[in-house]
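One structure below.
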Amino acid sequence: MTYEFPPEVGELIRKQLDSGNYESQDDVLLAALRSLDAEQEDWAAVSEALNRLEEGEPGLSLEEAFEAVRRKHGIPADA
């Protein structure tokens, strides 16, 4: 797909391409959109958790919350 990016966006894409981490503009945009999607999912989960707390649910301890994040991202418990 060909698209003429605004200068600011084009510069950010070029910066990412210059890093060597991406092979094409499509790769950069796909990574950015995946990151945005994950961020939105995380914020939705935080919002849901806050709503539950406001409704009186006890929630998780900090230790349980960290363990859930480690499991979700495949991070060892000793990391």
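Order determines the names: the first chain of the structure tokens is A, the second B, and so forth; residues in each chain are numbered 1 upward, and ligands are numbered 1 upward as they are shown.
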
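Once A:Ser24 and its same-chain neighbours fewer than 5 positions away are set aside, Met1, Thr2, Ile13, Arg14, Lys15, Gln16, Leu17, Asp18, Ser19, Leu29, Leu30 and Ala31 of chain A remain within 12 Å of it when counting only C-alpha atoms.
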
Query raised in the report: Interatomic distance between atom CA of A:His73 and atom CA of A:Gly56?
Result: 28.3 Å

I'd like to know which residues of chain A are alpha helix (DSSP H) (by DSSP, run on the backbone); could you write them as a CSV table (one decimal) with C-alpha atoms, in the first residue's frame?
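After the write, selection17.csv holds the following:
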```
chain,number,residue,atom,x,y,z
A,7,PRO,CA,6.4,14.9,7.5
A,8,GLU,CA,6.3,14.2,11.3
A,9,VAL,CA,5.0,10.6,10.7
A,10,GLY,CA,7.5,10.0,7.9
A,11,GLU,CA,10.4,11.1,10.1
A,12,LEU,CA,9.3,8.7,12.9
A,13,ILE,CA,9.0,5.9,10.4
A,14,ARG,CA,12.4,6.7,8.9
A,15,LYS,CA,13.9,6.7,12.4
A,16,GLN,CA,12.5,3.2,13.1
A,17,LEU,CA,13.7,1.9,9.7
A,18,ASP,CA,17.2,3.4,10.4
A,25,GLN,CA,7.2,0.9,6.5
A,26,ASP,CA,4.5,-1.8,6.7
A,27,ASP,CA,6.5,-3.6,9.5
A,28,VAL,CA,6.8,-0.3,11.4
A,29,LEU,CA,3.1,0.4,11.1
A,30,LEU,CA,2.1,-3.1,12.0
A,31,ALA,CA,4.3,-3.0,15.2
A,32,ALA,CA,2.9,0.4,16.1
A,33,LEU,CA,-0.7,-0.7,15.7
A,34,ARG,CA,-0.1,-3.9,17.6
A,35,SER,CA,1.4,-1.9,20.4
A,36,LEU,CA,-1.5,0.5,20.4
A,37,ASP,CA,-3.9,-2.4,20.5
A,38,ALA,CA,-2.1,-3.9,23.5
A,39,GLU,CA,-2.1,-0.6,25.2
A,40,GLN,CA,-5.8,-0.2,24.7
A,41,GLU,CA,-6.4,-3.7,26.1
A,42,ASP,CA,-4.3,-2.9,29.1
A,43,TRP,CA,-6.2,0.3,29.8
A,44,ALA,CA,-9.5,-1.5,29.4
A,45,ALA,CA,-8.4,-4.1,32.0
A,46,VAL,CA,-7.3,-1.3,34.4
A,47,SER,CA,-10.6,0.5,34.0
A,48,GLU,CA,-12.5,-2.8,34.6
A,49,ALA,CA,-10.5,-3.5,37.7
A,50,LEU,CA,-11.1,0.0,39.1
A,51,ASN,CA,-14.8,-0.4,38.4
A,52,ARG,CA,-14.8,-3.7,40.3
A,53,LEU,CA,-13.0,-2.1,43.3
A,54,GLU,CA,-15.5,0.7,43.3
A,62,LEU,CA,0.1,-6.6,44.6
A,63,GLU,CA,1.9,-9.9,44.6
A,64,GLU,CA,-0.9,-11.7,42.8
A,65,ALA,CA,-1.1,-8.8,40.3
A,66,PHE,CA,2.6,-9.0,39.5
A,67,GLU,CA,2.4,-12.8,39.1
A,68,ALA,CA,-0.5,-12.4,36.7
A,69,VAL,CA,1.6,-9.9,34.6
A,70,ARG,CA,4.6,-12.3,34.7
A,71,ARG,CA,2.4,-15.2,33.4
A,72,LYS,CA,0.9,-13.0,30.7
A,73,HIS,CA,4.2,-12.0,29.4
```

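Going from atom CA of A:Tyr3 to atom CA of A:Gly20 covers 21.4 Å.
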